[in-house]
$ cat coords.cif   # mmCIF, C-alpha atoms and all ligand atoms
data_final
#
loop_
_atom_site.label_atom_id
_atom_site.label_comp_id
_atom_site.auth_asym_id
_atom_site.auth_seq_id
_atom_site.Cartn_x
_atom_site.Cartn_y
_atom_site.Cartn_z
CA MET A 1 -3.91 -9.85 18.21
CA THR A 2 -3.63 -9.98 14.46
CA THR A 3 -1.90 -7.69 12.03
CA ILE A 4 -3.24 -8.06 8.50
CA GLY A 5 -1.20 -7.07 5.45
CA LEU A 6 -3.79 -5.99 2.90
CA THR A 7 -2.56 -5.96 -0.67
CA GLY A 8 -3.70 -6.18 -4.29
CA GLY A 9 -3.22 -4.58 -7.68
CA ILE A 10 -4.26 -1.15 -8.90
CA GLY A 11 -7.98 -0.51 -8.45
CA SER A 12 -8.58 -3.96 -6.96
CA GLY A 13 -10.44 -2.44 -4.00
CA LYS A 14 -7.85 -2.22 -1.20
CA SER A 15 -9.04 1.18 0.06
CA THR A 16 -12.65 0.04 -0.09
CA VAL A 17 -11.79 -3.07 1.94
CA SER A 18 -9.80 -0.96 4.43
CA GLN A 19 -12.78 1.30 4.91
CA ILE A 20 -15.07 -1.66 5.60
CA LEU A 21 -12.52 -3.13 8.03
CA ALA A 22 -12.21 0.24 9.81
CA GLU A 23 -16.01 0.32 10.20
CA LEU A 24 -15.80 -3.16 11.75
CA GLY A 25 -13.27 -1.87 14.28
CA ALA A 26 -9.83 -2.39 12.74
CA PHE A 27 -7.07 0.19 12.97
CA VAL A 28 -5.85 0.91 9.44
CA ILE A 29 -2.38 2.11 8.49
CA ASP A 30 -2.22 3.34 4.88
CA ALA A 31 1.31 2.80 3.55
CA ASP A 32 0.82 5.55 0.94
CA LYS A 33 0.24 8.10 3.69
CA VAL A 34 3.27 6.85 5.60
CA GLY A 35 5.28 7.24 2.38
CA HIS A 36 4.24 10.87 2.08
CA GLU A 37 5.05 11.64 5.71
CA ILE A 38 8.55 10.18 5.68
CA TYR A 39 9.43 12.45 2.71
CA LEU A 40 8.89 15.58 4.77
CA PRO A 41 11.88 17.93 5.27
CA GLY A 42 14.04 16.94 8.22
CA LYS A 43 12.95 13.30 8.18
CA GLU A 44 15.53 10.56 7.67
CA ALA A 45 14.26 9.72 4.16
CA TRP A 46 14.53 13.38 3.16
CA HIS A 47 18.19 13.46 4.30
CA GLN A 48 19.11 10.18 2.64
CA LEU A 49 17.37 11.06 -0.63
CA THR A 50 19.00 14.48 -0.92
CA ILE A 51 22.40 12.85 -0.32
CA ALA A 52 21.70 10.08 -2.86
CA PHE A 53 20.08 12.19 -5.60
CA GLY A 54 21.23 15.74 -4.87
CA ARG A 55 19.33 18.86 -3.92
CA ASP A 56 17.96 19.12 -7.46
CA ILE A 57 15.09 16.89 -6.29
CA LEU A 58 13.90 19.66 -3.93
CA ALA A 59 11.19 22.22 -4.62
CA PRO A 60 11.86 25.86 -3.62
CA ASP A 61 10.20 25.20 -0.23
CA GLU A 62 12.69 22.33 0.45
CA THR A 63 10.09 19.60 0.13
CA ILE A 64 10.97 16.70 -2.15
CA ASP A 65 9.52 17.33 -5.58
CA ARG A 66 8.07 13.92 -6.42
CA LYS A 67 7.85 14.77 -10.12
CA LYS A 68 11.56 15.58 -10.28
CA LEU A 69 12.43 12.44 -8.34
CA GLY A 70 10.11 10.40 -10.55
CA ALA A 71 11.77 11.77 -13.68
CA LEU A 72 15.20 10.85 -12.29
CA VAL A 73 14.30 7.21 -11.63
CA PHE A 74 12.05 6.77 -14.69
CA GLY A 75 13.63 4.26 -17.03
CA SER A 76 16.61 3.58 -14.77
CA ASP A 77 16.53 0.32 -12.86
CA ASP A 78 19.60 1.34 -10.86
CA ALA A 79 18.11 4.65 -9.76
CA ARG A 80 14.81 3.00 -8.90
CA LYS A 81 16.61 0.35 -6.84
CA LYS A 82 18.53 3.08 -5.04
CA LEU A 83 15.31 4.96 -4.28
CA ASN A 84 13.46 1.87 -3.08
CA GLY A 85 16.50 0.75 -1.10
CA ILE A 86 16.28 3.99 0.89
CA VAL A 87 12.51 4.43 1.16
CA HIS A 88 11.17 0.91 1.68
CA PRO A 89 13.17 0.06 4.84
CA LEU A 90 12.34 3.48 6.36
CA MET A 91 8.65 2.93 5.63
CA PHE A 92 8.92 -0.53 7.19
CA GLN A 93 10.37 0.99 10.37
CA ASP A 94 7.71 3.68 10.50
CA ILE A 95 4.82 1.25 10.02
CA ASP A 96 6.33 -1.11 12.59
CA ARG A 97 6.58 1.80 15.06
CA ARG A 98 2.91 2.70 14.46
CA ILE A 99 1.79 -0.90 15.02
CA LYS A 100 3.76 -1.12 18.28
CA ALA A 101 2.46 2.28 19.48
CA LYS A 102 -1.14 1.22 18.85
CA ARG A 103 -0.64 -2.05 20.71
CA ALA A 104 1.04 -0.16 23.57
CA GLU A 105 -2.19 1.86 23.89
CA GLY A 106 -3.96 -1.43 24.61
CA PHE A 107 -5.58 -1.88 21.20
CA THR A 108 -6.18 -5.62 20.70
CA LYS A 109 -8.38 -5.75 17.60
CA PRO A 110 -6.82 -6.37 14.19
CA ILE A 111 -4.48 -3.79 12.71
CA VAL A 112 -4.52 -3.52 8.91
CA VAL A 113 -1.49 -2.43 6.90
CA GLU A 114 -2.82 -1.44 3.47
CA ALA A 115 0.05 -1.62 1.03
CA ALA A 116 0.00 -2.22 -2.73
CA ILE A 117 3.69 -3.15 -2.52
CA LEU A 118 3.55 -5.27 0.65
CA ILE A 119 5.22 -8.22 -1.08
CA GLU A 120 7.59 -6.33 -3.42
CA ALA A 121 8.91 -4.08 -0.63
CA ASN A 122 9.65 -7.06 1.66
CA TRP A 123 7.17 -5.91 4.29
CA LEU A 124 5.70 -9.37 4.90
CA PRO A 125 7.35 -9.57 8.37
CA LEU A 126 5.03 -6.75 9.48
CA ALA A 127 1.96 -8.93 9.07
CA ASP A 128 0.71 -12.13 10.70
CA GLU A 129 -1.35 -12.86 7.62
CA VAL A 130 -1.82 -11.49 4.12
CA TRP A 131 -5.22 -10.63 2.71
CA LEU A 132 -5.24 -10.22 -1.05
CA VAL A 133 -7.93 -8.37 -2.99
CA VAL A 134 -8.36 -9.74 -6.50
CA THR A 135 -10.58 -8.22 -9.18
CA ASN A 136 -10.84 -9.19 -12.84
CA LYS A 137 -9.02 -6.89 -15.26
CA ASN A 138 -12.12 -5.57 -17.04
CA ALA A 139 -13.78 -4.54 -13.79
CA VAL A 140 -10.58 -2.80 -12.67
CA ILE A 141 -10.34 -0.91 -15.96
CA ASP A 142 -14.00 0.16 -15.71
CA ARG A 143 -13.79 1.20 -12.04
CA VAL A 144 -10.55 3.13 -12.45
CA ALA A 145 -11.90 4.87 -15.57
CA THR A 146 -15.05 5.90 -13.72
CA GLN A 147 -13.30 6.97 -10.52
CA ARG A 148 -10.11 8.58 -11.85
CA GLY A 149 -10.74 9.04 -15.56
CA MET A 150 -7.73 6.86 -16.31
CA ALA A 151 -7.51 5.47 -19.86
CA ALA A 152 -7.76 1.69 -20.29
CA LYS A 153 -4.29 1.45 -21.84
CA ASP A 154 -2.72 3.27 -18.87
CA THR A 155 -4.47 0.96 -16.41
CA GLU A 156 -3.33 -2.06 -18.43
CA ALA A 157 0.25 -0.77 -18.47
CA ARG A 158 0.12 -0.34 -14.68
CA ILE A 159 -1.25 -3.84 -14.20
CA ALA A 160 1.53 -5.23 -16.42
CA SER A 161 4.20 -3.39 -14.39
CA GLN A 162 2.95 -4.79 -11.07
CA LEU A 163 3.35 -8.26 -9.58
CA SER A 164 0.71 -10.60 -11.03
CA ASP A 165 -2.19 -11.85 -8.92
CA ASN A 166 -0.94 -15.42 -9.46
CA GLU A 167 2.33 -14.41 -7.84
CA ARG A 168 0.56 -12.55 -5.02
CA ARG A 169 -1.67 -15.54 -4.28
CA LYS A 170 1.39 -17.53 -3.16
CA TYR A 171 1.69 -15.26 -0.13
CA ALA A 172 -1.98 -14.83 0.77
CA GLN A 173 -3.82 -16.59 3.58
CA VAL A 174 -7.11 -14.91 2.61
CA VAL A 175 -8.12 -14.06 -0.97
CA ILE A 176 -10.99 -11.62 -1.36
CA GLU A 177 -12.57 -11.88 -4.79
CA ASN A 178 -14.03 -8.45 -5.55
CA ASP A 179 -15.82 -9.06 -8.84
CA GLY A 180 -19.32 -8.62 -7.46
CA SER A 181 -21.28 -5.84 -5.81
CA LEU A 182 -20.15 -3.78 -2.82
CA GLU A 183 -22.72 -5.67 -0.75
CA GLU A 184 -21.11 -8.98 -1.72
CA LEU A 185 -17.72 -7.51 -0.81
CA ARG A 186 -19.04 -6.47 2.61
CA GLN A 187 -20.30 -9.99 3.22
CA ALA A 188 -16.99 -11.58 2.25
CA ILE A 189 -15.10 -9.18 4.54
CA GLY A 190 -17.54 -9.84 7.37
CA THR A 191 -16.85 -13.57 7.14
CA ALA A 192 -13.08 -13.10 7.07
CA TRP A 193 -13.29 -10.56 9.91
CA SER A 194 -15.23 -12.85 12.25
CA ARG A 195 -12.26 -15.24 12.32
CA VAL A 196 -9.72 -12.61 13.37
CA ALA A 197 -11.75 -10.09 15.38
CA LEU A 198 -11.31 -10.73 19.07
P1 LIG A 201 -5.34 1.85 -5.83
O1 LIG A 201 -4.31 0.90 -5.34
O2 LIG A 201 -5.20 2.05 -7.30
O3 LIG A 201 -5.41 3.12 -5.05
P2 LIG A 201 -7.47 0.34 -4.56
O4 LIG A 201 -7.04 -1.08 -4.67
O5 LIG A 201 -7.32 1.00 -3.24
O6 LIG A 201 -6.82 1.18 -5.71
P3 LIG A 201 -10.23 1.22 -4.49
O7 LIG A 201 -9.89 2.67 -4.57
O8 LIG A 201 -10.73 0.67 -3.20
O9 LIG A 201 -9.00 0.35 -5.02
O10 LIG A 201 -11.30 0.83 -5.61
C1 LIG A 201 -11.21 1.34 -6.93
C2 LIG A 201 -12.58 1.87 -7.34
O11 LIG A 201 -13.49 0.77 -7.47
C3 LIG A 201 -13.22 2.82 -6.33
O12 LIG A 201 -13.93 3.80 -7.02
C4 LIG A 201 -14.18 1.92 -5.56
O13 LIG A 201 -15.28 2.64 -5.04
C5 LIG A 201 -14.63 0.97 -6.64
N1 LIG A 201 -15.01 -0.36 -6.16
C6 LIG A 201 -14.32 -1.18 -5.34
N2 LIG A 201 -14.96 -2.34 -5.13
C7 LIG A 201 -16.12 -2.24 -5.84
C8 LIG A 201 -17.24 -3.11 -6.04
N3 LIG A 201 -17.31 -4.33 -5.49
N4 LIG A 201 -18.24 -2.67 -6.83
C9 LIG A 201 -18.20 -1.46 -7.40
N5 LIG A 201 -17.18 -0.59 -7.27
C10 LIG A 201 -16.14 -0.97 -6.49
#
$ encode --input "coords.cif" --output "structure tokens"
Amino acid sequence: MTTIGLTGGIGSGKSTVSQILAELGAFVIDADKVGHEIYLPGKEAWHQLTIAFGRDILAPDETIDRKKLGALVFGSDDARKKLNGIVHPLMFQDIDRRIKAKRAEGFTKPIVVEAAILIEANWLPLADEVWLVVTNKNAVIDRVATQRGMAAKDTEARIASQLSDNERRKYAQVVIENDGSLEELRQAIGTAWSRVAL
């Protein structure tokens, strides 16, 4: 029973790989979705964040206003560390709970934790192995521009702010090079899957 930590930079193809793995029979946990859920009013993260940053981060309906929170931590390493120090461990716990619940149901195929910040957030203990999606910078810029209309300079700035692929490779057991077609990606995933799918 394998749990795969699936990571990679912006626009590298993590969601695409997750989708292919789900079609092959994996259970996928999307860390972004978990992040959104733990922010909901009444949840532990909501309580801790309102204590740490004040009720000014709340919208009129009591939900956390991500723009206000983002503005508070923008440009402040200390504030960002405080935010991550609250949110990352709570996300870890929540993902861990979901993995255990799925296994308790008797699910034995691979579980995939898709997380851009798997390494940075210290979530490696969640996974038995790390799969890294790597795509050359020009392809990422093109794909993100086509899909989200994001300007090349913004994509480049995001890439520069993230961990480098060279750094990520140190933690990866499987590296998926996603420079080719979607069909080539499917084939590469199929090969990697056949080793772990039981
Ligand atoms: P982010 O972390 O920024 O959300 P991501 O790593 O999840 O991104 P995807 O959303 O899977 O990346 O891929 C980015 C875009 O590139 C999508 O539009 C996707 O359809 C496209 N894409 C991914 N792989 C390929 C490929 N091999 N050929 C063509 N397009 C691709």
$ closest_residue --input "coords.cif" --among "A:Gly5, A:Val175, A:Ile20, A:Ala127" --to "ligand LIG 201 (chain A)" --atoms "only C-alpha atoms and all ligand atoms"
A:Ile20
$ residues_near_ligand --input "coords.cif" --ligand "ligand LIG 201 (chain A)" --cutoff "9 Å" --atoms "all atoms listed in the file" --output "JSON, numbers by chain"
{"A": [7, 8, 9, 10, 11, 12, 13, 14, 15, 16, 17, 18, 19, 32, 114, 115, 116, 133, 134, 135, 139, 140, 142, 143, 144, 145, 146, 147, 148, 177, 178, 179, 180, 181, 182, 183, 184, 185, 186]}
$ closest_residue --input "coords.cif" --among "A:Asp77, A:Ser164, A:Gly54, A:Ile38" --to "A:Pro89" --atoms "all atoms listed in the file"
A:Ile38
$ axis_aligned_box --input "coords.cif" --around "stretch 117-135 of chain A" --padding-each-side "4 Å" --output "AutoDock Vina command-line options"
--center_x -0.5 --center_y -8.0 --center_z 0.8 --size_x 28.2 --size_y 17.7 --size_z 27.9
$ atom_distance --input "coords.cif" --atom1 "atom CA of A:Lys81" --atom2 "atom CA of A:Ala121"
10.8 Å
$ atom_distance --input "coords.cif" --atom1 "atom CA of A:Leu24" --atom2 "atom CA of A:Lys102"
16.9 Å
$ residues_around --input "coords.cif" --residues "A:Arg55" --least-positions-apart "6" --cutoff "12 Å" --atoms "all atoms listed in the file" --output "ChimeraX atom specification"
/A:41,46-49,61-65,68-69
$ closest_residue --input "coords.cif" --among "A:Ala52, A:Val130, A:Ile159, A:Ala31" --to "A:Ala192" --atoms "all atoms listed in the file"
A:Val130
$ atom_distance --input "coords.cif" --atom1 "atom CA of A:Leu40" --atom2 "atom CA of A:Ala59"
11.7 Å
$ residues_near_point --input "coords.cif" --point "(-2.7, -13.0, 4.4)" --cutoff "6 Å" --atoms "all atoms listed in the file" --output "list in words"
Glu129, Val130, Trp131, Ala172, Gln173 and Val174 of chain A
$ closest_residue --input "coords.cif" --among "A:Leu83, A:Leu21, A:Ile95, A:Ile141" --to "A:Pro125" --atoms "all atoms listed in the file"
A:Ile95
$ closest_residue --input "coords.cif" --among "A:Arg103, A:Lys137, A:Lys43, A:Arg66" --to "A:Leu90" --atoms "all atoms listed in the file"
A:Lys43
$ closest_atom_pairs --input "coords.cif" --of "stretch 85-138 of chain A" --to "stretch 27-30 of chain A" --cutoff "6 Å" --atoms "all atoms listed in the file" --output "JSON lines"
{"residue": "A:Ile111", "atom": "CA", "partner": "A:Phe27", "partner_atom": "CA", "distance": 4.8}
{"residue": "A:Val112", "atom": "CA", "partner": "A:Val28", "partner_atom": "CA", "distance": 4.7}
{"residue": "A:Val113", "atom": "CA", "partner": "A:Ile29", "partner_atom": "CA", "distance": 4.9}
{"residue": "A:Glu114", "atom": "CA", "partner": "A:Asp30", "partner_atom": "CA", "distance": 5.0}
$ build_atoms --input "coords.cif" --residues "stretch 104-115 of chain A" --atoms "all heavy atoms" --output "CSV table (one decimal), in the coordinates of the input"
chain,number,residue,atom,x,y,z
A,104,ALA,N,0.7,-0.7,22.2
A,104,ALA,CA,1.0,-0.2,23.6
A,104,ALA,C,-0.1,0.6,24.2
A,104,ALA,O,-0.2,0.7,25.4
A,104,ALA,CB,2.3,0.7,23.4
A,105,GLU,N,-1.0,1.2,23.4
A,105,GLU,CA,-2.2,1.9,23.9
A,105,GLU,C,-3.2,0.9,24.4
A,105,GLU,O,-4.2,1.3,25.0
A,105,GLU,CB,-2.9,2.6,22.8
A,105,GLU,CG,-2.3,3.9,22.4
A,105,GLU,CD,-3.0,4.5,21.1
A,105,GLU,OE1,-4.2,4.1,20.8
A,105,GLU,OE2,-2.4,5.3,20.5
A,106,GLY,N,-3.0,-0.4,24.2
A,106,GLY,CA,-4.0,-1.4,24.6
A,106,GLY,C,-4.9,-1.9,23.5
A,106,GLY,O,-5.9,-2.6,23.9
A,107,PHE,N,-4.7,-1.5,22.3
A,107,PHE,CA,-5.6,-1.9,21.2
A,107,PHE,C,-5.3,-3.3,20.8
A,107,PHE,O,-4.2,-3.7,20.5
A,107,PHE,CB,-5.3,-1.0,20.0
A,107,PHE,CG,-6.3,-1.2,18.9
A,107,PHE,CD1,-7.5,-0.5,18.8
A,107,PHE,CD2,-6.0,-2.0,17.8
A,107,PHE,CE1,-8.4,-0.7,17.8
A,107,PHE,CE2,-6.9,-2.2,16.7
A,107,PHE,CZ,-8.1,-1.6,16.7
A,108,THR,N,-6.4,-4.2,20.9
A,108,THR,CA,-6.2,-5.6,20.7
A,108,THR,C,-6.9,-6.1,19.4
A,108,THR,O,-6.7,-7.3,19.0
A,108,THR,CB,-6.7,-6.4,21.9
A,108,THR,OG1,-8.1,-6.1,22.1
A,108,THR,CG2,-5.9,-6.2,23.2
A,109,LYS,N,-7.7,-5.3,18.8
A,109,LYS,CA,-8.4,-5.8,17.6
A,109,LYS,C,-7.4,-5.8,16.4
A,109,LYS,O,-6.3,-5.2,16.6
A,109,LYS,CB,-9.5,-4.8,17.3
A,109,LYS,CG,-10.7,-5.0,18.2
A,109,LYS,CD,-11.8,-4.1,17.7
A,109,LYS,CE,-13.0,-4.1,18.7
A,109,LYS,NZ,-13.9,-3.0,18.5
A,110,PRO,N,-7.8,-6.3,15.3
A,110,PRO,CA,-6.8,-6.4,14.2
A,110,PRO,C,-6.3,-5.0,13.7
A,110,PRO,O,-7.1,-4.0,13.7
A,110,PRO,CB,-7.6,-7.1,13.1
A,110,PRO,CG,-8.6,-7.9,13.8
A,110,PRO,CD,-9.0,-7.1,15.0
A,111,ILE,N,-5.1,-5.0,13.4
A,111,ILE,CA,-4.5,-3.8,12.7
A,111,ILE,C,-4.3,-4.2,11.2
A,111,ILE,O,-3.8,-5.3,10.9
A,111,ILE,CB,-3.1,-3.4,13.4
A,111,ILE,CG1,-3.4,-2.9,14.8
A,111,ILE,CG2,-2.4,-2.3,12.5
A,111,ILE,CD1,-2.1,-2.5,15.6
A,112,VAL,N,-4.6,-3.3,10.4
A,112,VAL,CA,-4.5,-3.5,8.9
A,112,VAL,C,-3.4,-2.6,8.3
A,112,VAL,O,-3.5,-1.4,8.5
A,112,VAL,CB,-5.9,-3.2,8.2
A,112,VAL,CG1,-5.7,-3.4,6.7
A,112,VAL,CG2,-7.0,-4.2,8.7
A,113,VAL,N,-2.5,-3.2,7.6
A,113,VAL,CA,-1.5,-2.4,6.9
A,113,VAL,C,-1.9,-2.5,5.4
A,113,VAL,O,-1.7,-3.6,4.8
A,113,VAL,CB,-0.1,-3.0,7.1
A,113,VAL,CG1,0.9,-2.2,6.3
A,113,VAL,CG2,0.3,-2.9,8.6
A,114,GLU,N,-2.4,-1.4,4.9
A,114,GLU,CA,-2.8,-1.4,3.5
A,114,GLU,C,-1.6,-1.0,2.6
A,114,GLU,O,-1.2,0.1,2.7
A,114,GLU,CB,-4.0,-0.5,3.3
A,114,GLU,CG,-4.5,-0.5,1.8
A,114,GLU,CD,-5.3,0.7,1.5
A,114,GLU,OE1,-6.0,1.3,2.4
A,114,GLU,OE2,-5.4,1.1,0.3
A,115,ALA,N,-1.2,-1.9,1.8
A,115,ALA,CA,0.0,-1.6,1.0
A,115,ALA,C,0.0,-2.4,-0.3
A,115,ALA,O,0.1,-3.6,-0.3
A,115,ALA,CB,1.3,-2.0,1.8
